[in-house]
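File shown here: run.tsv, holding TSV, C-alpha atoms and all ligand atoms.
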```tsv
chain	number	residue	atom	x	y	z
A	1	MET	CA	19.95	7.12	-15.71
A	2	LYS	CA	20.73	3.46	-15.09
A	3	TYR	CA	17.09	2.39	-15.15
A	4	ASP	CA	14.32	2.57	-17.74
A	5	TRP	CA	11.51	1.99	-15.26
A	6	ILE	CA	10.96	2.44	-11.55
A	7	PHE	CA	8.14	0.42	-10.00
A	8	PHE	CA	7.06	2.35	-6.92
A	9	ASP	CA	5.01	0.99	-4.09
A	10	LEU	CA	2.68	3.71	-2.75
A	11	ASP	CA	1.68	3.21	0.91
A	12	ASN	CA	4.48	4.16	3.32
A	13	THR	CA	6.79	4.60	0.32
A	14	LEU	CA	5.49	7.73	-1.45
A	15	ILE	CA	2.29	8.38	0.46
A	16	ASP	CA	1.46	8.14	4.14
A	17	PHE	CA	-0.71	5.30	5.32
A	18	ASN	CA	-0.07	5.13	9.08
A	19	ILE	CA	-1.25	8.58	10.14
A	20	ALA	CA	-4.12	8.77	7.65
A	21	SER	CA	-5.38	5.33	8.63
A	22	LYS	CA	-5.43	6.15	12.33
A	23	LYS	CA	-7.21	9.45	11.72
A	24	ALA	CA	-9.72	7.76	9.41
A	25	PHE	CA	-10.38	5.06	11.98
A	26	PHE	CA	-11.08	7.56	14.77
A	27	SER	CA	-13.27	9.71	12.51
A	28	LEU	CA	-15.30	6.59	11.84
A	29	MET	CA	-15.56	5.94	15.60
A	30	ASP	CA	-16.67	9.55	16.12
A	31	SER	CA	-19.35	9.17	13.46
A	32	HIS	CA	-20.88	6.35	15.53
A	33	GLY	CA	-20.43	8.10	18.86
A	34	ILE	CA	-17.90	5.50	20.05
A	35	PRO	CA	-15.63	7.10	22.67
A	36	ARG	CA	-12.02	7.46	21.56
A	37	ALA	CA	-9.88	5.00	23.49
A	38	ASP	CA	-6.23	4.35	22.68
A	39	ALA	CA	-6.64	0.58	22.73
A	40	LEU	CA	-9.22	0.56	19.94
A	41	TYR	CA	-6.87	1.26	17.07
A	42	PRO	CA	-4.30	-1.48	17.84
A	43	LEU	CA	-7.22	-3.89	18.18
A	44	TYR	CA	-8.54	-2.86	14.78
A	45	GLN	CA	-5.04	-3.12	13.27
A	46	GLN	CA	-4.65	-6.67	14.56
A	47	ILE	CA	-8.06	-7.71	13.24
A	48	ASN	CA	-7.37	-6.00	9.91
A	49	PHE	CA	-4.00	-7.76	9.68
A	50	GLU	CA	-5.62	-11.17	10.27
A	51	ALA	CA	-8.31	-10.43	7.69
A	52	TRP	CA	-5.73	-9.45	5.06
A	53	LYS	CA	-3.73	-12.58	5.87
A	54	ASP	CA	-6.76	-14.78	5.24
A	55	PHE	CA	-7.48	-12.82	2.08
A	56	GLU	CA	-3.92	-13.30	0.82
A	57	LYS	CA	-4.17	-17.03	1.50
A	58	GLY	CA	-7.37	-17.15	-0.54
A	59	LYS	CA	-9.51	-18.09	2.49
A	60	ILE	CA	-11.84	-15.12	2.06
A	61	ASP	CA	-12.77	-13.03	-0.97
A	62	ALA	CA	-12.41	-9.27	-1.42
A	63	ILE	CA	-16.00	-8.51	-0.39
A	64	THR	CA	-15.68	-10.55	2.80
A	65	LEU	CA	-12.40	-8.80	3.55
A	66	ARG	CA	-14.18	-5.43	3.39
A	67	SER	CA	-16.88	-6.44	5.86
A	68	ARG	CA	-14.94	-8.82	8.09
A	69	ARG	CA	-12.43	-6.40	9.53
A	70	PHE	CA	-15.19	-4.20	10.94
A	71	LYS	CA	-17.57	-7.06	11.70
A	72	ASP	CA	-14.94	-8.71	13.92
A	73	PHE	CA	-13.97	-5.39	15.45
A	74	TYR	CA	-17.56	-4.52	16.39
A	75	PHE	CA	-18.12	-8.05	17.67
A	76	LYS	CA	-15.16	-7.74	20.03
A	77	THR	CA	-16.07	-4.26	21.19
A	78	GLY	CA	-19.79	-4.90	21.62
A	79	TYR	CA	-21.10	-2.60	18.87
A	80	LYS	CA	-22.81	-5.38	16.99
A	81	ASP	CA	-25.54	-3.23	15.43
A	82	ILE	CA	-23.25	-1.17	13.23
A	83	ASP	CA	-23.14	-2.18	9.56
A	84	PRO	CA	-19.56	-3.35	8.89
A	85	LEU	CA	-19.65	-2.86	5.12
A	86	GLU	CA	-20.87	0.69	5.50
A	87	SER	CA	-18.14	1.32	8.08
A	88	ASN	CA	-15.60	0.05	5.61
A	89	SER	CA	-16.79	2.55	2.98
A	90	THR	CA	-16.79	5.40	5.48
A	91	TYR	CA	-13.30	4.50	6.69
A	92	LEU	CA	-11.99	4.38	3.11
A	93	SER	CA	-13.49	7.74	2.22
A	94	PHE	CA	-11.87	9.30	5.31
A	95	LEU	CA	-8.62	7.59	4.32
A	96	VAL	CA	-8.79	9.26	0.90
A	97	ASP	CA	-9.40	12.64	2.56
A	98	TYR	CA	-6.56	12.35	5.06
A	99	THR	CA	-3.78	10.87	2.94
A	100	THR	CA	-0.73	13.06	2.41
A	101	THR	CA	2.52	12.58	0.52
A	102	LEU	CA	5.60	11.58	2.49
A	103	GLU	CA	8.45	14.02	2.91
A	104	GLY	CA	10.48	14.37	-0.29
A	105	ALA	CA	8.00	12.43	-2.46
A	106	ILE	CA	6.95	15.29	-4.74
A	107	ASP	CA	10.52	16.50	-5.10
A	108	LEU	CA	11.65	12.99	-6.02
A	109	LEU	CA	8.85	12.51	-8.54
A	110	ASN	CA	9.62	15.86	-10.17
A	111	HIS	CA	13.27	14.85	-10.37
A	112	LEU	CA	12.39	11.54	-12.04
A	113	LYS	CA	9.55	12.55	-14.34
A	114	GLY	CA	10.72	12.61	-17.95
A	115	ASN	CA	14.01	10.84	-17.13
A	116	VAL	CA	12.65	7.41	-16.32
A	117	LYS	CA	9.26	5.75	-16.69
A	118	LEU	CA	7.29	5.34	-13.48
A	119	ALA	CA	4.78	2.69	-12.47
A	120	ALA	CA	2.76	2.61	-9.24
A	121	ILE	CA	2.54	-0.98	-7.96
A	122	THR	CA	0.19	-1.10	-5.03
A	123	ASN	CA	-1.63	-3.67	-2.92
A	124	GLY	CA	-4.87	-2.14	-1.80
A	125	LEU	CA	-8.56	-1.65	-2.36
A	126	LYS	CA	-9.81	0.04	-5.49
A	127	GLU	CA	-11.99	2.52	-3.58
A	128	ALA	CA	-8.85	4.01	-2.04
A	129	GLN	CA	-5.80	3.66	-4.25
A	130	ARG	CA	-6.53	5.66	-7.42
A	131	PRO	CA	-8.71	8.22	-5.57
A	132	ARG	CA	-5.82	8.98	-3.21
A	133	LEU	CA	-3.35	9.43	-6.07
A	134	SER	CA	-5.82	11.65	-7.81
A	135	ARG	CA	-6.56	13.74	-4.70
A	136	LEU	CA	-2.83	14.31	-4.21
A	137	ASN	CA	-2.38	15.21	-7.92
A	138	LEU	CA	0.07	12.33	-8.35
A	139	THR	CA	-1.71	10.45	-11.14
A	140	PRO	CA	0.07	12.29	-14.02
A	141	TYR	CA	3.48	11.20	-12.75
A	142	PHE	CA	2.79	7.54	-13.51
A	143	ASP	CA	2.97	5.80	-16.86
A	144	ALA	CA	1.21	2.78	-15.39
A	145	ILE	CA	-0.83	2.17	-12.22
A	146	ILE	CA	-1.51	-1.38	-11.09
A	147	VAL	CA	-3.85	-1.87	-8.11
A	148	SER	CA	-4.00	-5.43	-6.73
A	149	ASP	CA	-7.73	-5.28	-5.99
A	150	GLU	CA	-8.47	-4.35	-9.62
A	151	ILE	CA	-6.62	-7.31	-11.11
A	152	GLY	CA	-7.14	-10.05	-8.51
A	153	PHE	CA	-3.44	-10.61	-7.82
A	154	ALA	CA	-1.19	-8.97	-5.25
A	155	LYS	CA	2.52	-8.52	-4.62
A	156	PRO	CA	4.59	-10.68	-4.17
A	157	GLN	CA	2.67	-13.07	-6.45
A	158	LYS	CA	4.32	-13.80	-9.78
A	159	GLU	CA	0.99	-13.18	-11.53
A	160	TYR	CA	0.94	-9.64	-10.16
A	161	PHE	CA	4.37	-8.92	-11.63
A	162	ASP	CA	3.43	-10.62	-14.91
A	163	TYR	CA	0.59	-8.13	-15.14
A	164	VAL	CA	2.87	-5.19	-14.34
A	165	MET	CA	5.36	-6.30	-17.00
A	166	LYS	CA	2.56	-6.49	-19.57
A	167	GLU	CA	1.30	-3.00	-18.64
A	168	THR	CA	4.82	-1.57	-18.94
A	169	ASN	CA	5.57	-3.30	-22.28
A	170	GLN	CA	8.01	-5.88	-20.91
A	171	PRO	CA	10.99	-3.71	-19.93
A	172	SER	CA	14.32	-5.43	-19.30
A	173	ARG	CA	14.28	-6.62	-15.72
A	174	GLU	CA	17.83	-5.50	-14.94
A	175	ASN	CA	16.99	-1.96	-16.07
A	176	THR	CA	14.00	-1.81	-13.75
A	177	LEU	CA	13.99	-1.05	-10.03
A	178	VAL	CA	11.34	-1.96	-7.47
A	179	VAL	CA	11.15	0.58	-4.63
A	180	GLY	CA	9.00	-0.20	-1.61
A	181	ASP	CA	8.74	-0.38	2.16
A	182	SER	CA	7.47	-3.95	2.48
A	183	LEU	CA	10.09	-6.68	2.59
A	184	HIS	CA	7.44	-9.38	2.13
A	185	SER	CA	5.53	-7.89	-0.77
A	186	ASP	CA	7.82	-5.41	-2.57
A	187	ILE	CA	11.32	-6.74	-1.98
A	188	GLN	CA	10.43	-10.43	-2.00
A	189	GLY	CA	8.30	-9.87	-5.09
A	190	GLY	CA	11.11	-8.11	-6.98
A	191	ASN	CA	13.73	-10.61	-5.83
A	192	ASN	CA	11.62	-13.57	-6.97
A	193	TYR	CA	11.03	-11.94	-10.34
A	194	GLY	CA	14.65	-11.01	-10.99
A	195	ILE	CA	14.13	-7.24	-10.74
A	196	PRO	CA	16.59	-5.22	-8.61
A	197	THR	CA	15.05	-3.90	-5.41
A	198	CYS	CA	15.44	-0.90	-3.14
A	199	TRP	CA	14.02	-1.15	0.37
A	200	CYS	CA	12.50	2.19	1.28
A	201	ASN	CA	12.97	1.99	5.04
A	202	LEU	CA	11.68	5.39	6.13
A	203	PHE	CA	10.50	4.38	9.59
A	204	GLY	CA	13.59	2.61	10.96
A	205	GLN	CA	12.31	-0.97	10.64
A	206	ILE	CA	14.68	-3.77	11.57
A	207	ASN	CA	14.97	-6.45	8.90
A	208	LYS	CA	14.48	-9.79	10.65
A	209	THR	CA	13.07	-11.54	7.61
A	210	GLY	CA	16.11	-12.87	5.80
A	211	ILE	CA	14.83	-11.09	2.68
A	212	VAL	CA	17.72	-9.12	1.20
A	213	PRO	CA	17.19	-6.00	-0.94
A	214	ASN	CA	19.84	-4.79	-3.41
A	215	PHE	CA	19.69	-1.31	-1.91
A	216	GLU	CA	18.26	0.36	1.17
A	217	ILE	CA	17.37	4.02	1.63
A	218	ASN	CA	16.23	5.81	4.78
A	219	ASP	CA	14.87	8.94	3.12
A	220	LEU	CA	13.40	9.48	-0.32
A	221	SER	CA	15.96	11.97	-1.55
A	222	SER	CA	18.69	9.29	-1.21
A	223	LEU	CA	17.13	7.38	-4.09
A	224	LYS	CA	18.48	9.95	-6.57
A	225	ALA	CA	22.07	8.87	-5.88
A	226	LEU	CA	21.26	5.25	-6.79
A	227	LEU	CA	19.95	6.06	-10.23
B	1	MG	MG	3.87	-0.07	1.21
```

Just give me the structure of the file as structure tokens.
Amino acid sequence: MKYDWIFFDLDNTLIDFNIASKKAFFSLMDSHGIPRADALYPLYQQINFEAWKDFEKGKIDAITLRSRRFKDFYFKTGYKDIDPLESNSTYLSFLVDYTTTLEGAIDLLNHLKGNVKLAAITNGLKEAQRPRLSRLNLTPYFDAIIVSDEIGFAKPQKEYFDYVMKETNQPSRENTLVVGDSLHSDIQGGNNYGIPTCWCNLFGQINKTGIVPNFEINDLSSLKALL
């Protein structure tokens, strides 16, 4: 094995986010008797995206992030009496329930376990990230788990990777591989830090960013050949 450590992103790399998030969102709508309409989810996604962007720029804190995405959504859709913070909790608990592993993830982790050390490097909220790993019985595969919301830094920030390096006992960067689906957080983060990167492009994204990974895979089983 060429590498001592693999730093795995979780959402849309090893575990599904897209399907679980949509199901969780509509279960939340159902719980408030809001009729299911196709346009609601893209609206929520846009608002959520803007809220995360402001959070990443330091304009809002983590508590405001939790309430704002639903507060703005209910404001725009006219359901102003629903408690946004409570909706956030309900959504996250549905998200935990609905999350599944992506195709080939368990097989890959079984192949790697014992041959290389594994860290989970994930941007997300603490109510969701470890509970989802635990529900999917994935926790024992990882020698380190670093959740952005728990430490106050997020990929691609240098401080996030400093923290990961400390948690993994400062492995040599060239013998470490970052694997993730996000060019802006995973690949840019690894590139900036001098760690080789593998873009896990499972959903046929087109790279228009100018951010260049060392490797690209289109299914998880292909990672084995790179190691
Ligand atoms: Mg991801």

Expected selection as a ChimeraX atom specification for ligand MG 1 (chain B) within 7 Å, only C-alpha atoms and all ligand atoms: /A:9-13,180-182

Coordinates-based distance that separates atom CA of A:Gln157 from atom CA of A:Ser185 (Å, one decimal): 8.2 Å

Contact residues around A:Tyr98 with all atoms listed in the file at 9 Å, ignoring same-chain residues under 6 positions, as a ChimeraX atom specification: /A:19-21,23-24,132

Within 9 Å of stretch 105-110 of chain A, which residues of stretch 183-224 of chain A come that close, and what is the closest atom pair and distance in Å for each? Count only C-alpha atoms and give it as CSV.
```
residue,atom,partner,partner_atom,distance
A:Leu220,CA,A:Ala105,CA,6.5
A:Ser221,CA,A:Leu108,CA,6.3
A:Leu223,CA,A:Leu108,CA,8.1
A:Lys224,CA,A:Leu108,CA,7.5
```

Distance in Å - atom CA of A:Glu127 versus atom CA of A:Asp97: 12.1 Å

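Restricting the calculation to all atoms listed in the file, the smallest distance between A:Ile145 and any of A:Phe7, A:Tyr79, A:Phe73, A:Tyr44 is found for A:Phe7.
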
Counting only C-alpha atoms, the residue of A:Phe55, A:Leu95, A:Ile151, A:Ile63 that sits nearest A:Arg135: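 Of the candidates, the smallest distance to A:Arg135 is held by A:Leu95.
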
All residues 8 Å or closer to A:Leu125, only C-alpha atoms, same chain fewer than 4 positions away omitted, as a list in words: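 What passes the distance filter is Gln129, Val147, Ser148, Asp149 and Glu150 of chain A.
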
From A:Gly33, A:Ile121, A:Pro140, A:Leu14, residue lying nearest A:Asp219 [all atoms listed in the file]: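 Ranked by minimum distance to A:Asp219, first place goes to A:Leu14.
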
Find the spatial neighbours of A:Leu85, counting all atoms listed in the file, within a cut-off of 9 Å - ignore same-chain residues fewer than 6 positions away - and output them as a CSV table (one decimal) with C-alpha atoms, in the coordinates of the input.
```
chain,number,residue,atom,x,y,z
A,63,ILE,CA,-16.0,-8.5,-0.4
A,64,THR,CA,-15.7,-10.6,2.8
A,66,ARG,CA,-14.2,-5.4,3.4
A,67,SER,CA,-16.9,-6.4,5.9
A,68,ARG,CA,-14.9,-8.8,8.1
A,70,PHE,CA,-15.2,-4.2,10.9
A,71,LYS,CA,-17.6,-7.1,11.7
```

Radius query 7 Å about (2.4, 11.1, 1.2), atoms used: all atoms listed in the file, as a ChimeraX atom specification: /A:14-16,99-103,105

A:Glu216, A:Asp186, A:Glu174, A:Glu86 ranked by distance to A:Tyr3, top pick (using all atoms listed in the file):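 The shortest atom-to-atom distance to A:Tyr3 comes from A:Glu174.
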
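Atom CA of A:Ile217 lies 27.9 Å from atom CA of A:Lys166.
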
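With all atoms listed in the file as the atoms that count, the residue of A:Ile82, A:Leu112, A:Met165, A:Leu65 with the shortest distance to A:Gly124 is A:Leu65.
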
Nearby residues (all atoms listed in the file) at most 8 Å from stretch 194-196 of chain A, same-chain spacing under 6 positions excluded, as a PyMOL selection string: chain A and resi 173-174+176-178+213-214

Pick from A:Gly78, A:Lys117, A:Asn191, A:Gln205, whichever lies nearest to A:Glu167 using only C-alpha atoms: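 Of A:Gly78, A:Lys117, A:Asn191, A:Gln205, the one nearest A:Glu167, counting only C-alpha atoms, is A:Lys117.
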